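Source file query29.tsv; content: TSV, C-alpha atoms.
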chain	number	residue	atom	x	y	z
A	1	MET	CA	-71.53	-81.56	-31.73
A	2	ASN	CA	-69.28	-82.25	-34.71
A	3	PRO	CA	-70.42	-80.87	-38.08
A	4	PRO	CA	-71.80	-83.45	-40.53
A	5	ALA	CA	-69.21	-85.14	-42.72
A	6	LEU	CA	-69.00	-83.73	-46.21
A	7	ILE	CA	-69.73	-86.05	-49.13
A	8	ARG	CA	-67.67	-85.74	-52.30
A	9	PRO	CA	-69.99	-85.07	-55.23
A	10	ILE	CA	-70.39	-87.08	-58.40
A	11	GLY	CA	-70.26	-85.18	-61.67
A	12	VAL	CA	-72.48	-85.95	-64.66
A	13	LEU	CA	-71.53	-85.02	-68.23
A	14	GLY	CA	-74.02	-85.83	-70.95
A	15	GLY	CA	-73.80	-85.41	-74.70
A	16	THR	CA	-73.99	-87.17	-78.01
A	17	PHE	CA	-70.17	-87.59	-78.07
A	18	ASP	CA	-70.28	-87.92	-81.86
A	19	PRO	CA	-67.32	-88.20	-81.46
A	20	ILE	CA	-65.95	-87.60	-77.98
A	21	HIS	CA	-62.95	-85.24	-78.08
A	22	HIS	CA	-60.34	-83.57	-75.89
A	23	GLY	CA	-62.67	-80.64	-75.14
A	24	HIS	CA	-65.07	-83.02	-73.37
A	25	LEU	CA	-62.25	-84.70	-71.48
A	26	ARG	CA	-60.63	-81.44	-70.39
A	27	LEU	CA	-63.96	-80.07	-69.15
A	28	ALA	CA	-64.49	-83.19	-67.05
A	29	LEU	CA	-60.98	-83.07	-65.59
A	30	GLU	CA	-61.28	-79.38	-64.72
A	31	ALA	CA	-64.53	-80.05	-62.86
A	32	LEU	CA	-63.06	-83.14	-61.18
A	33	GLU	CA	-60.11	-81.17	-59.81
A	34	GLN	CA	-61.67	-77.78	-59.09
A	35	CYS	CA	-64.73	-79.25	-57.35
A	36	ASP	CA	-62.94	-82.23	-55.74
A	37	LEU	CA	-65.47	-84.63	-57.29
A	38	ARG	CA	-65.37	-88.34	-56.53
A	39	GLN	CA	-65.85	-89.12	-60.21
A	40	VAL	CA	-67.36	-87.77	-63.42
A	41	ARG	CA	-69.81	-90.02	-65.23
A	42	PHE	CA	-69.98	-89.66	-69.00
A	43	ILE	CA	-73.54	-90.39	-70.13
A	44	PRO	CA	-73.91	-90.66	-73.92
A	45	ASN	CA	-77.37	-89.66	-75.17
A	46	GLY	CA	-79.55	-92.14	-76.96
A	47	THR	CA	-82.04	-89.84	-78.68
A	48	PRO	CA	-81.14	-86.21	-77.88
A	49	PRO	CA	-84.25	-83.99	-77.73
A	50	HIS	CA	-82.56	-80.71	-78.75
A	51	ARG	CA	-80.61	-81.76	-81.83
A	52	SER	CA	-80.70	-83.94	-84.92
A	53	LYS	CA	-80.00	-87.67	-84.91
A	54	PRO	CA	-76.31	-88.49	-84.35
A	55	PHE	CA	-74.22	-89.58	-87.34
A	56	SER	CA	-72.83	-92.71	-85.66
A	57	THR	CA	-74.78	-95.48	-83.98
A	58	PRO	CA	-75.36	-95.69	-80.22
A	59	GLN	CA	-72.97	-98.65	-80.01
A	60	GLN	CA	-70.24	-96.79	-81.90
A	61	ARG	CA	-70.55	-93.69	-79.73
A	62	LEU	CA	-70.54	-95.84	-76.60
A	63	GLU	CA	-67.37	-97.61	-77.69
A	64	MET	CA	-65.60	-94.33	-78.53
A	65	VAL	CA	-66.35	-93.00	-75.04
A	66	ARG	CA	-65.15	-96.26	-73.52
A	67	LEU	CA	-61.86	-95.99	-75.40
A	68	ALA	CA	-61.41	-92.31	-74.53
A	69	LEU	CA	-61.81	-92.91	-70.80
A	70	GLN	CA	-59.25	-95.70	-70.53
A	71	GLY	CA	-56.48	-94.77	-68.12
A	72	ASN	CA	-58.56	-92.04	-66.41
A	73	PRO	CA	-59.80	-93.59	-63.13
A	74	GLY	CA	-61.82	-90.52	-62.17
A	75	LEU	CA	-63.80	-90.62	-65.43
A	76	THR	CA	-66.36	-93.40	-65.88
A	77	LEU	CA	-68.90	-94.49	-68.48
A	78	ASP	CA	-72.60	-94.69	-67.63
A	79	GLU	CA	-74.80	-96.49	-70.18
A	80	ARG	CA	-78.23	-95.63	-68.76
A	81	GLU	CA	-79.28	-93.34	-71.65
A	82	ILE	CA	-77.64	-94.71	-74.76
A	83	PHE	CA	-80.19	-97.41	-75.64
A	84	ARG	CA	-83.25	-95.68	-74.19
A	85	ALA	CA	-86.23	-95.47	-76.54
A	86	GLY	CA	-87.63	-91.97	-77.06
A	87	PRO	CA	-86.09	-88.60	-76.17
A	88	CYS	CA	-83.47	-88.56	-73.41
A	89	TYR	CA	-84.27	-85.73	-71.00
A	90	SER	CA	-81.73	-84.74	-68.35
A	91	VAL	CA	-84.42	-84.57	-65.68
A	92	HIS	CA	-85.23	-88.27	-66.15
A	93	THR	CA	-81.56	-89.23	-66.09
A	94	LEU	CA	-81.01	-87.29	-62.87
A	95	GLU	CA	-84.10	-88.91	-61.34
A	96	SER	CA	-82.62	-92.30	-62.16
A	97	LEU	CA	-79.27	-91.32	-60.64
A	98	ARG	CA	-80.94	-89.95	-57.53
A	99	ASP	CA	-82.83	-93.22	-57.07
A	100	GLU	CA	-79.56	-95.12	-57.41
A	101	LEU	CA	-77.34	-92.92	-55.24
A	102	GLY	CA	-79.78	-91.83	-52.55
A	103	ALA	CA	-80.98	-88.50	-51.24
A	104	GLN	CA	-77.73	-87.42	-49.53
A	105	GLN	CA	-75.25	-87.89	-52.37
A	106	PRO	CA	-74.35	-84.57	-54.03
A	107	ILE	CA	-74.72	-84.75	-57.83
A	108	CYS	CA	-73.32	-82.09	-60.17
A	109	LEU	CA	-74.62	-81.62	-63.70
A	110	LEU	CA	-71.72	-80.26	-65.76
A	111	LEU	CA	-72.59	-77.79	-68.52
A	112	GLY	CA	-70.78	-75.43	-70.82
A	113	SER	CA	-71.88	-71.82	-70.54
A	114	ASP	CA	-73.65	-71.92	-73.94
A	115	ALA	CA	-75.78	-74.87	-72.82
A	116	PHE	CA	-76.55	-73.23	-69.48
A	117	LEU	CA	-77.84	-70.08	-71.17
A	118	GLN	CA	-80.46	-72.27	-72.90
A	119	LEU	CA	-81.40	-74.19	-69.76
A	120	HIS	CA	-84.84	-72.56	-69.59
A	121	THR	CA	-85.77	-74.38	-72.82
A	122	TRP	CA	-85.09	-77.82	-71.32
A	123	HIS	CA	-87.84	-80.22	-70.25
A	124	GLN	CA	-88.89	-79.54	-66.60
A	125	TRP	CA	-85.79	-77.41	-66.20
A	126	THR	CA	-86.55	-76.01	-62.75
A	127	ARG	CA	-86.78	-79.54	-61.36
A	128	LEU	CA	-83.11	-80.03	-62.22
A	129	PHE	CA	-82.24	-77.92	-59.16
A	130	GLU	CA	-84.15	-80.34	-56.92
A	131	LEU	CA	-82.06	-83.23	-58.23
A	132	ALA	CA	-78.57	-81.80	-58.69
A	133	HIS	CA	-76.20	-78.87	-58.49
A	134	ILE	CA	-75.22	-77.27	-61.77
A	135	VAL	CA	-71.56	-76.57	-62.50
A	136	VAL	CA	-71.06	-74.19	-65.41
A	137	MET	CA	-67.72	-74.23	-67.18
A	138	GLN	CA	-67.19	-70.70	-68.51
A	139	ARG	CA	-64.75	-69.61	-71.19
A	140	PRO	CA	-61.76	-67.40	-70.36
A	141	GLY	CA	-62.60	-63.73	-70.65
A	142	LEU	CA	-66.33	-64.43	-70.94
A	143	PRO	CA	-67.67	-64.48	-67.36
A	144	LEU	CA	-71.11	-66.01	-67.12
A	145	GLY	CA	-72.38	-63.21	-64.90
A	146	ASN	CA	-72.15	-60.73	-67.78
A	147	ALA	CA	-74.07	-63.00	-70.13
A	148	MET	CA	-76.75	-63.59	-67.50
A	149	LEU	CA	-77.70	-59.91	-67.60
A	150	GLU	CA	-79.25	-60.55	-71.02
A	151	ALA	CA	-80.48	-64.11	-70.36
A	152	ASP	CA	-84.05	-65.33	-69.97
A	153	GLU	CA	-85.57	-63.65	-66.91
A	154	ALA	CA	-86.59	-66.85	-65.13
A	155	LEU	CA	-83.16	-68.37	-65.66
A	156	ARG	CA	-81.48	-65.15	-64.51
A	157	LEU	CA	-83.47	-65.17	-61.26
A	158	GLU	CA	-82.54	-68.79	-60.56
A	159	TYR	CA	-78.89	-68.08	-61.32
A	160	PHE	CA	-78.45	-65.17	-58.95
A	161	ALA	CA	-80.51	-66.85	-56.21
A	162	ARG	CA	-78.50	-70.09	-56.34
A	163	LEU	CA	-74.98	-68.92	-57.24
A	164	ALA	CA	-72.43	-70.22	-54.73
A	165	PRO	CA	-69.14	-68.38	-54.11
A	166	ALA	CA	-67.00	-71.53	-54.02
A	167	PRO	CA	-67.18	-75.24	-54.96
A	168	LEU	CA	-67.24	-76.25	-51.27
A	169	LYS	CA	-71.00	-75.59	-51.35
A	170	LEU	CA	-71.34	-78.62	-53.61
A	171	HIS	CA	-70.15	-80.84	-50.75
A	172	GLU	CA	-72.49	-79.39	-48.15
A	173	GLN	CA	-75.84	-80.30	-49.70
A	174	ALA	CA	-77.14	-82.76	-52.26
A	175	ALA	CA	-78.52	-80.33	-54.86
A	176	GLY	CA	-79.66	-76.82	-55.62
A	177	ALA	CA	-76.53	-74.69	-56.05
A	178	ILE	CA	-74.89	-73.19	-59.13
A	179	VAL	CA	-71.11	-72.86	-59.38
A	180	ALA	CA	-69.33	-71.15	-62.28
A	181	LEU	CA	-65.77	-72.28	-63.02
A	182	ASP	CA	-63.12	-71.15	-65.47
A	183	MET	CA	-61.63	-73.65	-67.89
A	184	PRO	CA	-58.95	-73.43	-70.58
A	185	LEU	CA	-60.13	-72.34	-74.00
A	186	LEU	CA	-60.21	-75.37	-76.31
A	187	GLU	CA	-61.99	-74.56	-79.54
A	188	ILE	CA	-62.73	-78.15	-80.51
A	189	SER	CA	-66.09	-79.24	-81.87
A	190	ALA	CA	-67.48	-82.58	-82.98
A	191	THR	CA	-68.83	-80.89	-86.12
A	192	ASP	CA	-65.35	-79.78	-87.14
A	193	ILE	CA	-63.91	-83.21	-86.37
A	194	ARG	CA	-66.49	-84.93	-88.58
A	195	ARG	CA	-65.68	-82.51	-91.42
A	196	ARG	CA	-61.97	-83.21	-91.02
A	197	VAL	CA	-62.61	-86.95	-91.21
A	198	SER	CA	-64.63	-86.54	-94.42
A	199	THR	CA	-61.72	-84.67	-96.04
A	200	HIS	CA	-59.07	-87.13	-94.74
A	201	ARG	CA	-57.37	-84.70	-92.35
A	202	ASN	CA	-55.37	-85.68	-89.28
A	203	LEU	CA	-57.22	-85.81	-85.93
A	204	ARG	CA	-54.19	-85.95	-83.66
A	205	TYR	CA	-54.49	-83.69	-80.57
A	206	LEU	CA	-58.23	-83.23	-81.23
A	207	VAL	CA	-59.34	-86.67	-80.06
A	208	PRO	CA	-57.55	-89.46	-78.18
A	209	ASP	CA	-55.49	-91.67	-80.48
A	210	SER	CA	-57.71	-94.63	-79.63
A	211	VAL	CA	-60.78	-92.70	-80.81
A	212	ALA	CA	-59.04	-91.63	-84.03
A	213	TRP	CA	-58.15	-95.28	-84.63
A	214	TYR	CA	-61.76	-96.34	-84.05
A	215	ILE	CA	-63.12	-93.69	-86.43
A	216	HIS	CA	-60.66	-94.78	-89.14
A	217	THR	CA	-61.18	-98.51	-88.61
A	218	HIS	CA	-64.98	-98.26	-88.73
A	219	GLU	CA	-65.01	-95.68	-91.53
A	220	LEU	CA	-67.18	-93.22	-89.60
A	221	TYR	CA	-68.24	-89.79	-90.92
A	222	PRO	CA	-67.45	-90.36	-94.63
A	223	ALA	CA	-69.55	-87.47	-95.92
A	224	CYS	CA	-70.19	-84.96	-93.13
Translate this structure into C-alpha cells?
Amino acid sequence: MNPPALIRPIGVLGGTFDPIHHGHLRLALEALEQCDLRQVRFIPNGTPPHRSKPFSTPQQRLEMVRLALQGNPGLTLDEREIFRAGPCYSVHTLESLRDELGAQQPICLLLGSDAFLQLHTWHQWTRLFELAHIVVMQRPGLPLGNAMLEADEALRLEYFARLAPAPLKLHEQAAGAIVALDMPLLEISATDIRRRVSTHRNLRYLVPDSVAWYIHTHELYPAC
C-alpha cells in the first residue's frame, strides 16, 4: 500500500498590522519557505482581546495589508476578522478556517516566540492544538527551548509533548504539532514606526513603499 499523499499546509498570521511592516512580511516568507506552505494568510484583527484599540481604522489597516502583499503570490489577505463585532479570539478564527478547509487540511498558526510564551493566557488555548499546528519563529541566539524551562508549567508540558523535530510533521497531520524555526533578526515594531511618523522621519526599509505612501497620504499616526 502506498503511503497517504502529503498535503501542503496553510499558514495563518494574525495581528493588528497597525501598520504592517517588513518584520511581518519576513516572518511569513521564512515560514512559507522553511515549512513548504501552500500559502500564508494574513488575518488583520478587528478588536484584539489582548491589547488596546488600534490607532488606525479597520479599513485603513486592511488596505495597508492589501498593498503590502501585492506581488507576493504566496501571501494572501483574509478579511474574516477585521469587521467582526466583539473580541477576535484565535480559537474562533481557526474554527472558521477549519470549517472552510475541511478536517484533513493542515493549518499552521504562526507566532513569534514572545507571543508563544504567553499562549497559556489566550482564550481556550489548549483547543488551538485541536485546530492547528503552531509554528514558532524564534530569534537568533535565543532558542525557545531555553525560555520554555521558565515558562508556565501547562504550556511547558504541551510544548515538550508536541515538539516536532522537523517541519515535515506539519504535512503529515492536520493539527497538533509544534515546530520552532529560526528567522533573521529584524528589530522592527509598529510602535516605533508610529512614533517615527509622528516626528516626520523616513520609513523606507521599515515598511513597503506602498504602505509608507498610504500612511502619508491618509495622514495616519499624527500624534503617537
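Comparing A:Ala31, A:Ala115, A:Ala175, A:Met64 by their smallest distance to Phe17 (chain A), the closest is A:Met64 (using all atoms listed in the file).
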* Tell me, in Å to one decimal, how far CA of Leu29 (chain A) is from CA of Leu111 (chain A). =>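 Computing it gives 13.1 Å between the two atoms.
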Quiz prompt | Neighbour list for Leu27 (chain A) as a PyMOL selection string, cut-off 12 Å, all atoms listed in the file, skip fewer than 4 positions in-chain | solution = chain A and resi 11-14+20-23+31-35+40+42+75+110-113+135-139+181-188
Deliver the residues from the most recent selection as a file, using C-alpha atoms, as a PDB file, keeping the file's coordinate frame.
ATOM      1  CA  GLY A  11     -70.260 -85.180 -61.670  1.00  0.00           C
ATOM      2  CA  VAL A  12     -72.480 -85.950 -64.660  1.00  0.00           C
ATOM      3  CA  LEU A  13     -71.530 -85.020 -68.230  1.00  0.00           C
ATOM      4  CA  GLY A  14     -74.020 -85.830 -70.950  1.00  0.00           C
ATOM      5  CA  ILE A  20     -65.950 -87.600 -77.980  1.00  0.00           C
ATOM      6  CA  HIS A  21     -62.950 -85.240 -78.080  1.00  0.00           C
ATOM      7  CA  HIS A  22     -60.340 -83.570 -75.890  1.00  0.00           C
ATOM      8  CA  GLY A  23     -62.670 -80.640 -75.140  1.00  0.00           C
ATOM      9  CA  ALA A  31     -64.530 -80.050 -62.860  1.00  0.00           C
ATOM     10  CA  LEU A  32     -63.060 -83.140 -61.180  1.00  0.00           C
ATOM     11  CA  GLU A  33     -60.110 -81.170 -59.810  1.00  0.00           C
ATOM     12  CA  GLN A  34     -61.670 -77.780 -59.090  1.00  0.00           C
ATOM     13  CA  CYS A  35     -64.730 -79.250 -57.350  1.00  0.00           C
ATOM     14  CA  VAL A  40     -67.360 -87.770 -63.420  1.00  0.00           C
ATOM     15  CA  PHE A  42     -69.980 -89.660 -69.000  1.00  0.00           C
ATOM     16  CA  LEU A  75     -63.800 -90.620 -65.430  1.00  0.00           C
ATOM     17  CA  LEU A 110     -71.720 -80.260 -65.760  1.00  0.00           C
ATOM     18  CA  LEU A 111     -72.590 -77.790 -68.520  1.00  0.00           C
ATOM     19  CA  GLY A 112     -70.780 -75.430 -70.820  1.00  0.00           C
ATOM     20  CA  SER A 113     -71.880 -71.820 -70.540  1.00  0.00           C
ATOM     21  CA  VAL A 135     -71.560 -76.570 -62.500  1.00  0.00           C
ATOM     22  CA  VAL A 136     -71.060 -74.190 -65.410  1.00  0.00           C
ATOM     23  CA  MET A 137     -67.720 -74.230 -67.180  1.00  0.00           C
ATOM     24  CA  GLN A 138     -67.190 -70.700 -68.510  1.00  0.00           C
ATOM     25  CA  ARG A 139     -64.750 -69.610 -71.190  1.00  0.00           C
ATOM     26  CA  LEU A 181     -65.770 -72.280 -63.020  1.00  0.00           C
ATOM     27  CA  ASP A 182     -63.120 -71.150 -65.470  1.00  0.00           C
ATOM     28  CA  MET A 183     -61.630 -73.650 -67.890  1.00  0.00           C
ATOM     29  CA  PRO A 184     -58.950 -73.430 -70.580  1.00  0.00           C
ATOM     30  CA  LEU A 185     -60.130 -72.340 -74.000  1.00  0.00           C
ATOM     31  CA  LEU A 186     -60.210 -75.370 -76.310  1.00  0.00           C
ATOM     32  CA  GLU A 187     -61.990 -74.560 -79.540  1.00  0.00           C
ATOM     33  CA  ILE A 188     -62.730 -78.150 -80.510  1.00  0.00           C
TER      34      ILE A 188
END
Computed interatomic separation between CA of Ile10 (chain A) and CA of Tyr159 (chain A) (Å):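 Those two atoms sit 21.0 Å apart.
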Can you measure CA of Cys108 (chain A) to CA of His133 (chain A) for me? One decimal in Å is fine.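 Interatomic distance, CA of Cys108 (chain A) to CA of His133 (chain A): 4.6 Å.
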Quick one: residues within 12 Å of (-61.9, -95.9, -88.4) (file frame), counting only C-alpha atoms, please, as an mmCIF file with C-alpha atoms, keeping the file's coordinate frame.
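Writing done, so here's result_34.cif:
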data_model
loop_
_atom_site.group_PDB
_atom_site.id
_atom_site.type_symbol
_atom_site.label_atom_id
_atom_site.label_comp_id
_atom_site.auth_asym_id
_atom_site.auth_seq_id
_atom_site.Cartn_x
_atom_site.Cartn_y
_atom_site.Cartn_z
ATOM 1 C CA PRO A 19 -67.320 -88.200 -81.460
ATOM 2 C CA SER A 56 -72.830 -92.710 -85.660
ATOM 3 C CA GLN A 60 -70.240 -96.790 -81.900
ATOM 4 C CA MET A 64 -65.600 -94.330 -78.530
ATOM 5 C CA ARG A 194 -66.490 -84.930 -88.580
ATOM 6 C CA VAL A 197 -62.610 -86.950 -91.210
ATOM 7 C CA SER A 198 -64.630 -86.540 -94.420
ATOM 8 C CA HIS A 200 -59.070 -87.130 -94.740
ATOM 9 C CA LEU A 203 -57.220 -85.810 -85.930
ATOM 10 C CA ASP A 209 -55.490 -91.670 -80.480
ATOM 11 C CA SER A 210 -57.710 -94.630 -79.630
ATOM 12 C CA VAL A 211 -60.780 -92.700 -80.810
ATOM 13 C CA ALA A 212 -59.040 -91.630 -84.030
ATOM 14 C CA TRP A 213 -58.150 -95.280 -84.630
ATOM 15 C CA TYR A 214 -61.760 -96.340 -84.050
ATOM 16 C CA ILE A 215 -63.120 -93.690 -86.430
ATOM 17 C CA HIS A 216 -60.660 -94.780 -89.140
ATOM 18 C CA THR A 217 -61.180 -98.510 -88.610
ATOM 19 C CA HIS A 218 -64.980 -98.260 -88.730
ATOM 20 C CA GLU A 219 -65.010 -95.680 -91.530
ATOM 21 C CA LEU A 220 -67.180 -93.220 -89.600
ATOM 22 C CA TYR A 221 -68.240 -89.790 -90.920
ATOM 23 C CA PRO A 222 -67.450 -90.360 -94.630
#
| query | What's the 9 Å shell around Ile134 (chain A), counting only C-alpha atoms, without same-chain residues fewer than 5 positions away, as a list of chain:residue names? | reply |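 Counting only the stated atoms, we get A:Ile107, A:Cys108, A:Leu109, A:Leu110, A:Leu111, A:Phe116, A:Leu128, A:Phe129, A:Ala175, A:Gly176, A:Ala177, A:Ile178, A:Val179, A:Ala180.
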Go through region 106-128 of chain A residue by residue and, counting all atoms listed in the file, keep those with an atom at most 10 Å from region 43-51 of chain A; for each kept residue give the shortest atom pair and its distance in Å to one decimal, ordered by chain and increasing number, as a Markdown table.
| residue | atom | partner | partner_atom | distance |
| --- | --- | --- | --- | --- |
| A:Thr121 | CA | A:His50 | CA | 9.2 |
| A:Trp122 | CA | A:His50 | CA | 8.4 |
| A:His123 | CA | A:Pro49 | CA | 9.1 |
What would the file look like if the residues just selected were written as a PDB file, in the frame of the given file with C-alpha atoms?
ATOM      1  CA  THR A 121     -85.770 -74.380 -72.820  1.00  0.00           C
ATOM      2  CA  TRP A 122     -85.090 -77.820 -71.320  1.00  0.00           C
ATOM      3  CA  HIS A 123     -87.840 -80.220 -70.250  1.00  0.00           C
TER       4      HIS A 123
END
Counting all atoms listed in the file, the residue among A:Ala68, A:Pro106, A:Gly74, A:Pro143 that lies closest to Leu168 (chain A) is A:Pro106
Q) Contacts of Ala147 (chain A) at 10 Å or less, counting all atoms listed in the file, minus same-chain residues fewer than 2 places along, as a list in words? A)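 Contacts, with the query itself left out: Ser113, Asp114, Leu117, Leu142, Pro143, Leu144, Gly145, Leu149, Glu150, Ala151 and Arg156 of chain A.
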**Prompt:** Which residue out of A:Leu97, A:Leu6, A:Leu62, A:Leu206 has the minimum interatomic distance to Phe83 (chain A) when all atoms listed in the file are used?
**Reply:**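 Of A:Leu97, A:Leu6, A:Leu62, A:Leu206, the one nearest Phe83 (chain A), counting all atoms listed in the file, is A:Leu62.
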- In file coordinates, which residues lie within 9 Å of (-72.1, -81.1, -82.5) using only C-alpha atoms, given as a ChimeraX atom specification? /A:16-19,51,54,189-192
Is it possible to add all heavy atoms to region 36-45 of chain A and hand it back as a CSV table (one decimal), keeping the file's coordinate frame?
chain,number,residue,atom,x,y,z
A,36,ASP,N,-63.3,-81.0,-56.5
A,36,ASP,CA,-62.9,-82.2,-55.7
A,36,ASP,C,-64.1,-83.3,-55.8
A,36,ASP,O,-64.6,-83.8,-54.8
A,36,ASP,CB,-62.7,-81.8,-54.3
A,36,ASP,CG,-62.1,-83.0,-53.5
A,36,ASP,OD1,-61.5,-83.9,-54.1
A,36,ASP,OD2,-62.3,-83.0,-52.2
A,37,LEU,N,-64.4,-83.6,-57.1
A,37,LEU,CA,-65.5,-84.6,-57.3
A,37,LEU,C,-64.9,-86.0,-57.1
A,37,LEU,O,-63.7,-86.3,-57.3
A,37,LEU,CB,-66.0,-84.5,-58.7
A,37,LEU,CG,-66.6,-83.2,-59.2
A,37,LEU,CD1,-67.0,-83.2,-60.6
A,37,LEU,CD2,-67.7,-82.7,-58.2
A,38,ARG,N,-65.8,-86.9,-56.7
A,38,ARG,CA,-65.4,-88.3,-56.5
A,38,ARG,C,-65.1,-89.0,-57.9
A,38,ARG,O,-64.2,-89.8,-58.1
A,38,ARG,CB,-66.4,-89.1,-55.7
A,38,ARG,CG,-66.1,-90.6,-55.5
A,38,ARG,CD,-66.7,-91.1,-54.2
A,38,ARG,NE,-68.2,-90.9,-54.2
A,38,ARG,CZ,-69.1,-91.9,-54.5
A,38,ARG,NH1,-68.6,-93.0,-54.9
A,38,ARG,NH2,-70.4,-91.6,-54.4
A,39,GLN,N,-66.0,-88.6,-58.9
A,39,GLN,CA,-65.8,-89.1,-60.2
A,39,GLN,C,-66.7,-88.2,-61.1
A,39,GLN,O,-67.6,-87.5,-60.7
A,39,GLN,CB,-66.3,-90.6,-60.3
A,39,GLN,CG,-67.8,-90.8,-60.0
A,39,GLN,CD,-68.2,-92.2,-60.1
A,39,GLN,OE1,-69.4,-92.5,-60.4
A,39,GLN,NE2,-67.4,-93.2,-59.9
A,40,VAL,N,-66.5,-88.4,-62.4
A,40,VAL,CA,-67.4,-87.8,-63.4
A,40,VAL,C,-67.9,-88.9,-64.3
A,40,VAL,O,-67.1,-89.7,-64.9
A,40,VAL,CB,-66.6,-86.7,-64.3
A,40,VAL,CG1,-67.6,-86.3,-65.4
A,40,VAL,CG2,-66.2,-85.5,-63.5
A,41,ARG,N,-69.2,-89.0,-64.4
A,41,ARG,CA,-69.8,-90.0,-65.2
A,41,ARG,C,-70.2,-89.4,-66.6
A,41,ARG,O,-70.9,-88.4,-66.7
A,41,ARG,CB,-71.1,-90.6,-64.6
A,41,ARG,CG,-70.8,-91.3,-63.3
A,41,ARG,CD,-72.1,-92.0,-62.8
A,41,ARG,NE,-72.0,-92.7,-61.5
A,41,ARG,CZ,-72.8,-93.6,-61.0
A,41,ARG,NH1,-73.9,-93.9,-61.7
A,41,ARG,NH2,-72.6,-94.1,-59.9
A,42,PHE,N,-69.6,-90.0,-67.6
A,42,PHE,CA,-70.0,-89.7,-69.0
A,42,PHE,C,-71.2,-90.4,-69.4
A,42,PHE,O,-71.2,-91.7,-69.3
A,42,PHE,CB,-68.8,-90.0,-70.0
A,42,PHE,CG,-67.7,-89.0,-69.9
A,42,PHE,CD1,-66.9,-88.8,-68.8
A,42,PHE,CD2,-67.5,-88.2,-71.0
A,42,PHE,CE1,-65.9,-87.9,-68.8
A,42,PHE,CE2,-66.5,-87.2,-71.0
A,42,PHE,CZ,-65.7,-87.1,-69.9
A,43,ILE,N,-72.3,-89.7,-69.8
A,43,ILE,CA,-73.5,-90.4,-70.1
A,43,ILE,C,-73.9,-90.1,-71.6
A,43,ILE,O,-74.5,-89.0,-71.9
A,43,ILE,CB,-74.7,-90.0,-69.2
A,43,ILE,CG1,-74.2,-90.2,-67.7
A,43,ILE,CG2,-76.0,-90.7,-69.5
A,43,ILE,CD1,-75.3,-89.9,-66.7
A,44,PRO,N,-73.5,-90.9,-72.5
A,44,PRO,CA,-73.9,-90.7,-73.9
A,44,PRO,C,-75.4,-90.7,-74.1
A,44,PRO,O,-76.1,-91.6,-73.6
A,44,PRO,CB,-73.2,-91.8,-74.7
A,44,PRO,CG,-72.2,-92.4,-73.8
A,44,PRO,CD,-72.7,-92.1,-72.4
A,45,ASN,N,-75.9,-89.7,-74.9
A,45,ASN,CA,-77.4,-89.7,-75.2
A,45,ASN,C,-77.8,-90.8,-76.1
A,45,ASN,O,-77.0,-91.1,-77.0
A,45,ASN,CB,-77.7,-88.3,-75.8
A,45,ASN,CG,-77.4,-87.1,-75.0
A,45,ASN,OD1,-77.1,-86.1,-75.5
A,45,ASN,ND2,-77.6,-87.2,-73.7
